[in-house]
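Below is the file target-v3.tsv, which contains TSV, C-alpha atoms.
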```tsv
chain	number	residue	atom	x	y	z
A	285	MET	CA	13.58	25.43	10.50
A	286	LEU	CA	10.57	23.78	8.86
A	287	ASP	CA	7.19	24.06	10.56
A	288	ALA	CA	3.80	22.41	10.05
A	289	ASP	CA	2.76	25.10	7.60
A	290	PHE	CA	5.76	24.24	5.39
A	291	PHE	CA	4.65	20.61	5.25
A	292	ARG	CA	1.01	21.53	4.61
A	293	ARG	CA	2.15	23.74	1.72
A	294	TRP	CA	4.34	20.87	0.42
A	295	MET	CA	1.33	18.58	0.26
A	296	ALA	CA	-0.78	21.26	-1.45
A	297	ALA	CA	1.99	21.94	-3.98
A	298	THR	CA	2.29	18.21	-4.67
A	299	ALA	CA	-1.45	17.97	-5.31
A	300	VAL	CA	-1.24	20.83	-7.82
A	301	SER	CA	1.78	19.34	-9.57
A	302	VAL	CA	0.34	15.82	-9.73
A	303	GLY	CA	-2.89	17.32	-11.07
A	304	HIS	CA	-0.98	19.11	-13.83
A	305	GLU	CA	1.07	16.04	-14.70
A	306	ALA	CA	-1.60	13.35	-14.23
A	307	GLU	CA	-2.05	12.75	-17.94
A	308	ARG	CA	1.68	12.41	-18.47
A	309	LEU	CA	1.95	9.96	-15.55
A	310	THR	CA	-0.87	7.87	-16.96
A	311	ALA	CA	0.71	7.99	-20.43
A	312	LEU	CA	4.00	6.71	-18.95
A	313	ASP	CA	2.00	3.99	-17.16
A	314	SER	CA	0.29	2.86	-20.37
A	315	PRO	CA	3.07	0.88	-22.11
A	316	ILE	CA	4.43	-0.80	-18.95
A	317	GLY	CA	1.65	-0.52	-16.38
A	318	ASP	CA	-2.12	-0.44	-16.18
A	319	ALA	CA	-2.59	3.21	-17.17
A	320	ASP	CA	-3.94	4.45	-13.86
A	321	HIS	CA	-0.94	6.05	-12.12
A	322	GLY	CA	-1.89	9.64	-12.89
A	323	SER	CA	-5.56	9.34	-12.00
A	324	ASN	CA	-4.80	7.32	-8.86
A	325	LEU	CA	-2.23	9.78	-7.56
A	326	ARG	CA	-4.37	12.80	-8.48
A	327	ARG	CA	-7.24	11.38	-6.45
A	328	GLY	CA	-4.87	10.55	-3.59
A	329	PHE	CA	-3.06	13.88	-3.33
A	330	ASN	CA	-6.27	15.87	-3.81
A	331	ALA	CA	-7.67	13.99	-0.81
A	332	VAL	CA	-4.43	14.68	1.07
A	333	ALA	CA	-4.57	18.41	0.32
A	334	ASP	CA	-8.22	18.52	1.46
A	335	VAL	CA	-7.75	16.63	4.73
A	336	VAL	CA	-4.54	18.47	5.62
A	337	GLU	CA	-6.26	21.82	5.12
A	338	LYS	CA	-9.38	20.73	7.00
A	339	GLU	CA	-7.68	19.14	9.99
A	340	ALA	CA	-4.64	21.47	9.94
A	341	PRO	CA	-2.30	19.27	12.02
A	342	ASP	CA	0.02	21.49	14.03
A	343	THR	CA	3.30	19.57	13.81
A	344	PRO	CA	5.36	18.50	10.78
A	345	GLY	CA	5.13	14.86	11.86
A	346	ALA	CA	1.35	14.98	12.23
A	347	VAL	CA	0.93	16.53	8.77
A	348	LEU	CA	2.88	13.73	7.10
A	349	VAL	CA	1.28	10.93	9.15
A	350	LEU	CA	-2.18	12.20	8.22
A	351	ALA	CA	-1.16	12.58	4.56
A	352	GLY	CA	0.25	9.07	4.44
A	353	ARG	CA	-2.81	7.54	6.01
A	354	GLN	CA	-5.03	9.36	3.51
A	355	LEU	CA	-3.00	8.04	0.57
A	356	ILE	CA	-3.28	4.45	1.79
A	357	SER	CA	-7.05	4.77	2.04
A	358	THR	CA	-7.80	6.64	-1.20
A	359	VAL	CA	-5.37	5.71	-3.99
A	360	GLY	CA	-6.51	2.16	-4.80
A	361	GLY	CA	-3.26	1.13	-6.52
A	362	ALA	CA	0.18	0.11	-5.29
A	363	SER	CA	1.30	3.75	-5.20
A	364	GLY	CA	-1.14	4.28	-2.27
A	365	PRO	CA	0.54	2.04	0.29
A	366	LEU	CA	4.00	2.93	-1.10
A	367	TYR	CA	3.65	6.74	-0.95
A	368	GLY	CA	1.50	6.37	2.15
A	369	THR	CA	4.26	4.46	3.89
A	370	LEU	CA	6.86	6.98	2.70
A	371	LEU	CA	5.01	9.95	4.22
A	372	ARG	CA	3.73	8.19	7.32
A	373	ARG	CA	7.12	6.75	8.31
A	374	THR	CA	8.81	10.05	7.58
A	375	GLY	CA	6.20	11.76	9.75
A	376	LYS	CA	6.60	9.27	12.59
A	377	ALA	CA	10.37	9.74	12.47
A	378	LEU	CA	9.87	13.49	12.92
A	379	GLY	CA	8.11	12.88	16.23
A	380	GLU	CA	6.09	15.64	17.86
A	381	ALA	CA	8.43	18.59	17.35
A	382	ALA	CA	6.75	21.86	16.34
A	383	GLU	CA	9.66	22.63	14.01
A	384	VAL	CA	12.35	20.45	12.48
A	385	SER	CA	15.70	21.23	10.91
A	386	VAL	CA	16.54	20.29	7.34
A	387	GLU	CA	18.97	17.73	8.78
A	388	GLN	CA	16.23	16.16	10.91
A	389	PHE	CA	13.91	16.08	7.94
A	390	THR	CA	16.60	14.49	5.76
A	391	ASP	CA	17.14	11.73	8.33
A	392	ALA	CA	13.39	11.19	8.64
A	393	LEU	CA	12.91	11.04	4.88
A	394	ARG	CA	15.66	8.44	4.67
A	395	THR	CA	13.75	6.39	7.25
A	396	GLY	CA	10.65	6.73	5.09
A	397	VAL	CA	12.48	5.65	1.94
A	398	ASP	CA	13.92	2.65	3.79
A	399	ALA	CA	10.39	1.69	4.85
A	400	VAL	CA	9.21	1.85	1.23
A	401	MET	CA	12.06	-0.44	0.19
A	402	ALA	CA	11.13	-2.86	2.98
A	403	LEU	CA	7.44	-2.82	2.05
A	404	GLY	CA	7.83	-3.25	-1.69
A	405	GLY	CA	11.10	-5.16	-1.71
A	406	ALA	CA	12.60	-2.83	-4.33
A	407	ALA	CA	16.26	-1.80	-4.42
A	408	PRO	CA	17.93	0.96	-6.44
A	409	GLY	CA	18.07	-0.05	-10.11
A	410	ASP	CA	14.77	-1.98	-10.07
A	411	LYS	CA	13.04	0.78	-12.09
A	412	THR	CA	10.79	2.11	-9.32
A	413	MET	CA	10.17	5.28	-7.30
A	414	ILE	CA	13.24	4.30	-5.25
A	415	ASP	CA	15.45	5.31	-8.19
A	416	ALA	CA	14.32	8.93	-7.74
A	417	LEU	CA	13.97	8.96	-3.95
A	418	VAL	CA	17.37	7.57	-2.93
A	419	PRO	CA	19.42	10.12	-4.91
A	420	ALA	CA	17.08	12.88	-3.73
A	421	VAL	CA	17.67	12.05	-0.08
A	422	ASP	CA	21.41	11.85	-0.68
A	423	ALA	CA	21.39	15.30	-2.34
A	424	LEU	CA	19.17	16.90	0.30
A	425	ALA	CA	22.25	17.49	2.45
A	426	ASP	CA	23.33	20.05	-0.18
A	427	SER	CA	20.05	21.80	-0.91
A	428	PHE	CA	16.41	21.30	-1.83
A	429	ALA	CA	17.26	22.33	-5.39
A	430	ALA	CA	19.98	19.67	-5.55
A	431	ALA	CA	17.46	17.08	-4.34
A	432	ARG	CA	15.05	18.09	-7.08
A	433	THR	CA	17.74	17.76	-9.75
A	434	ALA	CA	18.86	14.41	-8.36
A	435	ALA	CA	15.28	13.08	-8.34
A	436	GLU	CA	14.64	14.22	-11.90
A	437	GLN	CA	17.92	12.69	-13.10
A	438	GLY	CA	17.08	9.51	-11.20
A	439	ALA	CA	13.69	9.30	-12.95
A	440	LEU	CA	15.30	9.84	-16.36
A	441	ALA	CA	17.89	7.18	-15.56
A	442	THR	CA	15.11	4.56	-15.27
A	443	VAL	CA	14.57	4.62	-19.06
A	444	PRO	CA	17.23	2.01	-19.95
A	445	LEU	CA	16.46	-0.16	-16.90
A	446	GLN	CA	14.51	-3.40	-16.91
A	447	ALA	CA	11.70	-3.50	-14.35
A	448	HIS	CA	12.08	-6.00	-11.52
A	449	LYS	CA	9.05	-5.06	-9.40
A	450	GLY	CA	5.34	-4.69	-9.94
A	451	ARG	CA	3.28	-5.29	-13.04
A	452	ALA	CA	5.99	-3.88	-15.34
A	453	SER	CA	8.32	-6.73	-14.30
A	454	TYR	CA	6.07	-9.20	-16.15
A	455	LEU	CA	7.13	-7.46	-19.36
A	456	GLY	CA	10.77	-8.38	-18.85
A	457	GLU	CA	13.01	-6.78	-21.46
A	458	ARG	CA	10.05	-5.02	-23.02
A	459	SER	CA	10.02	-2.67	-20.02
A	460	ILE	CA	13.37	-1.28	-21.22
A	461	GLY	CA	13.15	2.09	-23.00
A	462	HIS	CA	10.28	3.47	-20.93
A	463	GLN	CA	10.60	5.98	-18.08
A	464	ASP	CA	9.18	4.58	-14.85
A	465	PRO	CA	5.93	6.32	-13.83
A	466	GLY	CA	6.63	5.84	-10.10
A	467	ALA	CA	10.09	7.40	-10.35
A	468	THR	CA	8.52	10.24	-12.34
A	469	SER	CA	5.86	10.96	-9.72
A	470	ALA	CA	8.48	10.70	-6.96
A	471	ALA	CA	10.43	13.42	-8.78
A	472	LEU	CA	7.27	15.57	-8.76
A	473	LEU	CA	6.98	15.11	-4.99
A	474	ILE	CA	10.58	16.24	-4.50
A	475	ALA	CA	10.20	19.12	-6.98
A	476	ALA	CA	7.17	20.31	-4.98
A	477	LEU	CA	9.33	20.16	-1.87
A	478	ALA	CA	11.98	22.38	-3.47
A	479	GLU	CA	9.29	24.75	-4.74
A	480	THR	CA	7.82	24.99	-1.22
A	481	ALA	CA	11.27	25.82	0.11
A	482	GLY	CA	11.55	28.59	-2.47
A	483	GLU	CA	14.37	26.89	-4.37
B	206	MET	CA	-21.77	-13.90	7.36
B	207	SER	CA	-22.18	-16.19	10.34
B	208	ASP	CA	-21.78	-16.01	14.08
B	209	GLY	CA	-18.58	-18.00	13.72
B	210	SER	CA	-19.53	-20.62	16.28
B	211	GLY	CA	-17.55	-23.81	15.94
B	212	PRO	CA	-18.31	-27.38	14.96
B	213	ASP	CA	-20.31	-29.67	17.19
B	214	GLY	CA	-22.19	-26.75	18.63
B	215	ARG	CA	-19.45	-26.15	21.18
B	216	GLY	CA	-19.51	-22.44	20.51
B	217	GLU	CA	-15.75	-22.12	20.19
B	218	ARG	CA	-14.54	-19.06	18.36
B	219	LEU	CA	-13.36	-19.53	14.80
B	220	VAL	CA	-10.57	-17.78	12.97
B	221	GLY	CA	-11.95	-15.27	10.50
B	222	VAL	CA	-10.81	-15.16	6.88
B	223	VAL	CA	-10.57	-12.04	4.68
B	224	LEU	CA	-10.01	-12.34	0.92
B	225	VAL	CA	-8.49	-9.27	-0.74
B	226	SER	CA	-8.47	-9.16	-4.54
B	227	HIS	CA	-8.11	-6.47	-7.19
B	228	SER	CA	-11.48	-7.65	-8.44
B	229	ALA	CA	-14.69	-7.65	-6.40
B	230	ALA	CA	-15.94	-10.59	-8.45
B	231	VAL	CA	-12.80	-12.64	-7.80
B	232	ALA	CA	-12.89	-11.99	-4.05
B	233	ALA	CA	-16.58	-12.85	-3.80
B	234	SER	CA	-16.28	-15.95	-5.96
B	235	VAL	CA	-13.29	-17.33	-4.08
B	236	ALA	CA	-15.14	-16.74	-0.83
B	237	GLU	CA	-18.13	-18.64	-2.21
B	238	LEU	CA	-15.89	-21.47	-3.43
B	239	ALA	CA	-14.15	-21.82	-0.07
B	240	ARG	CA	-17.43	-21.76	1.87
B	241	GLY	CA	-18.85	-24.36	-0.49
B	242	LEU	CA	-16.04	-26.78	0.31
B	243	VAL	CA	-16.62	-26.65	4.05
B	244	GLY	CA	-18.59	-29.50	5.55
B	245	ALA	CA	-22.21	-28.98	6.48
B	246	GLY	CA	-23.05	-27.58	9.87
B	247	VAL	CA	-20.19	-25.13	10.26
B	248	THR	CA	-20.09	-21.58	9.00
B	249	VAL	CA	-16.68	-19.96	8.96
B	250	PRO	CA	-16.69	-16.15	9.08
B	251	VAL	CA	-15.38	-15.23	5.63
B	252	ALA	CA	-15.51	-11.77	4.07
B	253	ALA	CA	-14.50	-10.55	0.62
B	254	ALA	CA	-12.74	-7.21	0.09
B	255	GLY	CA	-12.45	-6.89	-3.67
B	256	GLY	CA	-11.81	-3.87	-5.85
B	257	THR	CA	-11.93	-0.26	-4.70
B	258	GLU	CA	-14.63	1.55	-2.74
B	259	SER	CA	-15.84	3.03	-6.04
B	260	GLY	CA	-16.25	-0.40	-7.62
B	261	GLU	CA	-13.19	-0.32	-9.85
B	262	LEU	CA	-10.32	-2.76	-10.15
B	263	GLY	CA	-7.83	-2.06	-7.39
B	264	THR	CA	-7.58	-2.21	-3.64
B	265	GLY	CA	-9.80	-0.54	-1.06
B	266	ALA	CA	-8.22	-0.01	2.33
B	267	GLU	CA	-11.59	0.84	3.91
B	268	LEU	CA	-13.11	-2.34	2.49
B	269	ILE	CA	-10.29	-4.40	4.00
B	270	GLY	CA	-10.78	-2.81	7.41
B	271	ALA	CA	-14.53	-3.37	7.29
B	272	ALA	CA	-14.11	-6.99	6.20
B	273	ALA	CA	-11.63	-7.70	8.98
B	274	ARG	CA	-13.93	-6.22	11.61
B	275	ALA	CA	-16.86	-8.20	10.22
B	276	VAL	CA	-15.13	-11.58	10.65
B	277	ASP	CA	-13.40	-10.83	13.95
B	278	ARG	CA	-14.53	-13.37	16.55
B	279	GLY	CA	-11.52	-12.82	18.78
B	280	ALA	CA	-9.63	-15.90	17.48
B	281	GLY	CA	-7.53	-14.05	14.95
B	282	ILE	CA	-8.02	-13.10	11.33
B	283	ALA	CA	-6.27	-14.66	8.34
B	284	VAL	CA	-5.93	-12.34	5.35
B	285	LEU	CA	-5.17	-13.61	1.85
B	286	ALA	CA	-4.35	-11.16	-0.95
B	287	ASP	CA	-3.77	-11.59	-4.66
B	288	LEU	CA	-1.53	-9.06	-6.46
B	289	GLY	CA	0.64	-5.96	-5.97
B	290	SER	CA	-1.47	-3.31	-4.32
B	291	ALA	CA	-3.66	-5.86	-2.51
B	292	VAL	CA	-0.61	-7.29	-0.76
B	293	LEU	CA	1.04	-3.89	-0.21
B	294	THR	CA	-2.12	-2.31	1.18
B	295	VAL	CA	-2.63	-5.11	3.72
B	296	LYS	CA	1.02	-4.86	4.77
B	297	ALA	CA	0.79	-1.08	5.09
B	298	LEU	CA	-2.40	-1.35	7.17
B	299	LEU	CA	-0.79	-3.96	9.44
B	300	ALA	CA	2.23	-1.66	9.86
B	301	GLU	CA	-0.13	1.14	10.99
B	302	GLY	CA	-0.83	-0.89	14.12
B	303	ASP	CA	-4.38	0.29	14.76
B	304	GLU	CA	-6.04	-0.08	11.35
B	305	LEU	CA	-6.92	-3.78	11.59
B	306	PRO	CA	-8.16	-5.78	14.61
B	307	ASP	CA	-5.58	-7.37	16.93
B	308	GLY	CA	-4.59	-10.81	15.74
B	309	THR	CA	-4.86	-9.99	12.04
B	310	ARG	CA	-2.18	-11.69	9.93
B	311	LEU	CA	-1.37	-11.67	6.21
B	312	LEU	CA	-0.84	-15.24	5.01
B	313	ASP	CA	1.90	-16.10	2.53
B	314	ALA	CA	-0.20	-18.37	0.33
B	315	PRO	CA	-1.65	-18.75	-3.16
B	316	PHE	CA	-4.97	-16.92	-3.32
B	317	VAL	CA	-7.49	-19.55	-4.38
B	318	GLU	CA	-5.89	-22.70	-3.01
B	319	GLY	CA	-4.78	-20.89	0.13
B	320	ALA	CA	-8.28	-19.54	0.72
B	321	VAL	CA	-9.82	-22.99	0.50
B	322	ALA	CA	-7.18	-24.45	2.82
B	323	ALA	CA	-7.60	-21.58	5.30
B	324	VAL	CA	-11.40	-21.72	5.40
B	325	VAL	CA	-11.62	-25.50	5.65
B	326	THR	CA	-8.98	-25.54	8.39
B	327	ALA	CA	-10.69	-22.71	10.24
B	328	SER	CA	-13.94	-24.68	10.12
B	329	THR	CA	-12.37	-27.35	12.34
B	330	GLY	CA	-11.84	-24.83	15.09
B	331	ALA	CA	-8.09	-24.70	14.43
B	332	ASP	CA	-6.13	-21.70	15.69
B	333	LEU	CA	-4.61	-18.97	13.51
B	334	ALA	CA	-1.18	-20.65	13.35
B	335	ALA	CA	-2.75	-23.87	12.03
B	336	VAL	CA	-4.84	-21.94	9.50
B	337	GLU	CA	-1.72	-20.10	8.37
B	338	ALA	CA	0.28	-23.33	8.02
B	339	ALA	CA	-2.47	-25.01	6.00
B	340	ALA	CA	-2.74	-22.08	3.61
B	341	ALA	CA	1.04	-21.84	3.13
B	342	GLU	CA	1.19	-25.58	2.48
B	343	ALA	CA	-0.95	-25.00	-0.60
B	344	TYR	CA	2.24	-23.67	-2.27
B	345	THR	CA	3.75	-27.18	-2.13
B	346	TYR	CA	1.00	-28.80	-4.18
B	347	ARG	CA	2.55	-29.24	-7.64
B	348	LYS	CA	0.26	-29.45	-10.65
B	349	VAL	CA	2.65	-31.00	-13.14
```
Kindly transcribe the structure held in the file into structure tokens.
Amino acid sequence: MLDADFFRRWMAATAVSVGHEAERLTALDSPIGDADHGSNLRRGFNAVADVVEKEAPDTPGAVLVLAGRQLISTVGGASGPLYGTLLRRTGKALGEAAEVSVEQFTDALRTGVDAVMALGGAAPGDKTMIDALVPAVDALADSFAAARTAAEQGALATVPLQAHKGRASYLGERSIGHQDPGATSAALLIAALAETAGE
Amino acid sequence: MSDGSGPDGRGERLVGVVLVSHSAAVAASVAELARGLVGAGVTVPVAAAGGTESGELGTGAELIGAAARAVDRGAGIAVLADLGSAVLTVKALLAEGDELPDGTRLLDAPFVEGAVAAVVTASTGADLAAVEAAAAEAYTYRKV
């Protein structure tokens, strides 16, 4: 079973990972985006780690709802409402339980990913964070480690894709050959999850 | 900012308009343009929410919330947004349920033309549905 402390540690681990990888995320965002993905997400997840530690919500759902709300209000780019919606909807789907099973979390995360697709209008193959998140959720039934591998492979698989959403879509075929920054950061989020689970 | 009282001194409540842009200058300028095209004697509550809280290009969720509260006269609030994160942030805030005043709606409209249409229509004392329709109609105006 996963408790609130697990989810607080997941958010802290994500903040550390995004901090380490911020320059790489921004470098990926330079040829096809506006070169702010790393700095935006670092600011957002640092704020998440701070508020989650300070307010110490006592249920898994409350941790993720608070984290999502913080991302929406601090990121400043499209990744704010997108990751914010992912965490907030996942948190709401978990309800008020003090502990949740991996199966319950998997179902909730799928709800969150569906909400991101509804908000941004992206589908798998559009060269977005969805290309890492959907395979991760599918693999979560096996293990956290499998989800991490699936997310990382999903991010790598965005390289040959042409972007159909966001600023990168204006580049048309010129977006081909670049790894999507959003899929890359989504893989960091899932890797932090596996790390938190000790896998 | 005005008290939002309606034309002819009847004191009816006007729809508020919030303009969300990646750029503070764009949001403020479009607000000024739209106000300038309203007839004399009426002041529509219009607020700009441009850029991030730290003054950079981007979207500030707190700025949007503050702008919406500032123009809320109880007749509804029409929000226009320009690109990517501006649109997504407004939609995410609306989905929260309690982040923006009741009666806040994101309009599906071009930013500049839609803002002018929305503000001018709101100045007549029209309701939110009429403001929304006028702003959306701006999409049908072909330039060539």
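For the choices B:Val325, B:Ile269, B:Ala275, B:Ala343, the atom-to-atom distance to chain A is smallest for B:Ile269 when using only C-alpha atoms.
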> For chain A, which residue among B:Ala232, B:Val317, B:Ala253, B:Val292 is the nearest when counting all atoms listed in the file?
Replying inline: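 Using all atoms listed in the file, chain A sits closest to B:Val292.
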For the contact check between chain A and chain B, emit one row per residue of chain A within 9 Å, containing the shortest atom pair and the distance in Å rounded to one decimal, counting only C-alpha atoms, chain then rising number order, as JSON lines.
```
{"residue": "A:Arg353", "atom": "CA", "partner": "B:Glu301", "partner_atom": "CA", "distance": 8.5}
{"residue": "A:Ile356", "atom": "CA", "partner": "B:Ala266", "partner_atom": "CA", "distance": 6.7}
{"residue": "A:Ser357", "atom": "CA", "partner": "B:Ala266", "partner_atom": "CA", "distance": 4.9}
{"residue": "A:Thr358", "atom": "CA", "partner": "B:Gly265", "partner_atom": "CA", "distance": 7.5}
{"residue": "A:Val359", "atom": "CA", "partner": "B:Gly265", "partner_atom": "CA", "distance": 8.2}
{"residue": "A:Gly360", "atom": "CA", "partner": "B:Thr264", "partner_atom": "CA", "distance": 4.6}
{"residue": "A:Gly361", "atom": "CA", "partner": "B:Ser290", "partner_atom": "CA", "distance": 5.3}
{"residue": "A:Ala362", "atom": "CA", "partner": "B:Ser290", "partner_atom": "CA", "distance": 3.9}
{"residue": "A:Ser363", "atom": "CA", "partner": "B:Ser290", "partner_atom": "CA", "distance": 7.6}
{"residue": "A:Gly364", "atom": "CA", "partner": "B:Thr294", "partner_atom": "CA", "distance": 7.5}
{"residue": "A:Pro365", "atom": "CA", "partner": "B:Thr294", "partner_atom": "CA", "distance": 5.2}
{"residue": "A:Leu366", "atom": "CA", "partner": "B:Leu293", "partner_atom": "CA", "distance": 7.5}
{"residue": "A:Gly368", "atom": "CA", "partner": "B:Ala297", "partner_atom": "CA", "distance": 8.0}
{"residue": "A:Thr369", "atom": "CA", "partner": "B:Ala297", "partner_atom": "CA", "distance": 6.6}
{"residue": "A:Arg372", "atom": "CA", "partner": "B:Glu301", "partner_atom": "CA", "distance": 8.8}
{"residue": "A:Leu403", "atom": "CA", "partner": "B:Leu293", "partner_atom": "CA", "distance": 6.9}
{"residue": "A:Gly404", "atom": "CA", "partner": "B:Leu293", "partner_atom": "CA", "distance": 7.0}
{"residue": "A:Gly450", "atom": "CA", "partner": "B:Gly289", "partner_atom": "CA", "distance": 6.3}
{"residue": "A:Arg451", "atom": "CA", "partner": "B:Gly289", "partner_atom": "CA", "distance": 7.6}
```
>> Which residues are near range 456-464 of chain A? Cut-off 8 Å, only C-alpha atoms, ignore same chain within fewer than 5 positions. Put them as a PyMOL selection string.
In response: chain A and resi 312-313+315-316+411-413+439-448
>> For a quick check of understanding, using all atoms listed in the file, which of B:Leu224, B:Ala340, B:Ala327, B:Ile282 has the smallest distance to Arg310 in chain B?
In response: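 Checking each of B:Leu224, B:Ala340, B:Ala327, B:Ile282 against Arg310 in chain B, counting all atoms listed in the file, the winner is B:Ile282.
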>> Residues near Gln388 in chain A, anyone? I mean within 9 Å using all atoms listed in the file, not counting same-chain ones fewer than 5 positions away, as a ChimeraX atom specification.
In response: /A:377-378,393
>> Just the number, please: distance in Å from CA of Gly396 in chain A to CA of Asp410 in chain A, one decimal.
In response: 18.0 Å
>> What does the structure give for the distance between CA of Pro341 in chain A and CA of His321 in chain A, in Å to one decimal?
In response: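 Spanning CA of Pro341 in chain A to CA of His321 in chain A is a straight-line distance of 27.6 Å.
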> For the atom pair CA of Val220 in chain B and CA of Glu337 in chain B, what is the interatomic distance in Å to one decimal place?
Replying inline: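 CA of Val220 in chain B sits 10.2 Å away from CA of Glu337 in chain B.
Using only C-alpha atoms for every distance, the candidate list A:Ala478, A:Ala297, A:Leu309, A:Met285 yields A:Ala478 as the residue closest to Ala420 in chain A.
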> Restricting the calculation to only C-alpha atoms, which member of A:Asn330, A:Ser469, A:Thr310, A:Thr374 is positioned closest to Gly352 in chain A?
Replying inline: A:Thr374
Provide range 412-427 of chain A rebuilt to N, CA and C atoms, formatted as a PDB file, in the frame of the given file.
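Output below, filename part-v1.pdb:
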```pdb
ATOM      1  N   THR A 412      11.936   1.731 -10.164  1.00  0.00           N
ATOM      2  CA  THR A 412      10.790   2.110  -9.320  1.00  0.00           C
ATOM      3  C   THR A 412      11.016   3.522  -8.779  1.00  0.00           C
ATOM      4  N   MET A 413      10.058   3.990  -7.955  1.00  0.00           N
ATOM      5  CA  MET A 413      10.170   5.280  -7.300  1.00  0.00           C
ATOM      6  C   MET A 413      11.463   5.409  -6.480  1.00  0.00           C
ATOM      7  N   ILE A 414      12.003   4.281  -6.042  1.00  0.00           N
ATOM      8  CA  ILE A 414      13.240   4.300  -5.250  1.00  0.00           C
ATOM      9  C   ILE A 414      14.384   4.939  -6.038  1.00  0.00           C
ATOM     10  N   ASP A 415      14.362   4.782  -7.361  1.00  0.00           N
ATOM     11  CA  ASP A 415      15.450   5.310  -8.190  1.00  0.00           C
ATOM     12  C   ASP A 415      15.446   6.841  -8.238  1.00  0.00           C
ATOM     13  N   ALA A 416      14.347   7.471  -7.888  1.00  0.00           N
ATOM     14  CA  ALA A 416      14.320   8.930  -7.740  1.00  0.00           C
ATOM     15  C   ALA A 416      14.531   9.340  -6.284  1.00  0.00           C
ATOM     16  N   LEU A 417      13.970   8.557  -5.362  1.00  0.00           N
ATOM     17  CA  LEU A 417      13.970   8.960  -3.950  1.00  0.00           C
ATOM     18  C   LEU A 417      15.348   8.840  -3.297  1.00  0.00           C
ATOM     19  N   VAL A 418      16.063   7.764  -3.584  1.00  0.00           N
ATOM     20  CA  VAL A 418      17.370   7.570  -2.930  1.00  0.00           C
ATOM     21  C   VAL A 418      18.351   8.681  -3.305  1.00  0.00           C
ATOM     22  N   PRO A 419      18.519   8.999  -4.601  1.00  0.00           N
ATOM     23  CA  PRO A 419      19.420  10.120  -4.910  1.00  0.00           C
ATOM     24  C   PRO A 419      18.919  11.455  -4.366  1.00  0.00           C
ATOM     25  N   ALA A 420      17.613  11.622  -4.277  1.00  0.00           N
ATOM     26  CA  ALA A 420      17.080  12.880  -3.730  1.00  0.00           C
ATOM     27  C   ALA A 420      17.463  13.038  -2.264  1.00  0.00           C
ATOM     28  N   VAL A 421      17.309  11.974  -1.498  1.00  0.00           N
ATOM     29  CA  VAL A 421      17.670  12.050  -0.080  1.00  0.00           C
ATOM     30  C   VAL A 421      19.164  12.315   0.074  1.00  0.00           C
ATOM     31  N   ASP A 422      19.961  11.646  -0.759  1.00  0.00           N
ATOM     32  CA  ASP A 422      21.410  11.850  -0.680  1.00  0.00           C
ATOM     33  C   ASP A 422      21.780  13.307  -0.981  1.00  0.00           C
ATOM     34  N   ALA A 423      21.055  13.931  -1.928  1.00  0.00           N
ATOM     35  CA  ALA A 423      21.390  15.300  -2.340  1.00  0.00           C
ATOM     36  C   ALA A 423      20.790  16.355  -1.418  1.00  0.00           C
ATOM     37  N   LEU A 424      19.854  15.943  -0.569  1.00  0.00           N
ATOM     38  CA  LEU A 424      19.170  16.900   0.300  1.00  0.00           C
ATOM     39  C   LEU A 424      20.130  17.563   1.292  1.00  0.00           C
ATOM     40  N   ALA A 425      21.238  16.892   1.565  1.00  0.00           N
ATOM     41  CA  ALA A 425      22.250  17.490   2.450  1.00  0.00           C
ATOM     42  C   ALA A 425      22.810  18.765   1.834  1.00  0.00           C
ATOM     43  N   ASP A 426      22.831  18.840   0.490  1.00  0.00           N
ATOM     44  CA  ASP A 426      23.330  20.050  -0.180  1.00  0.00           C
ATOM     45  C   ASP A 426      22.264  21.131  -0.218  1.00  0.00           C
ATOM     46  N   SER A 427      21.133  20.814  -0.836  1.00  0.00           N
ATOM     47  CA  SER A 427      20.050  21.800  -0.910  1.00  0.00           C
ATOM     48  C   SER A 427      18.800  21.127  -1.428  1.00  0.00           C
TER      49      SER A 427
END
```
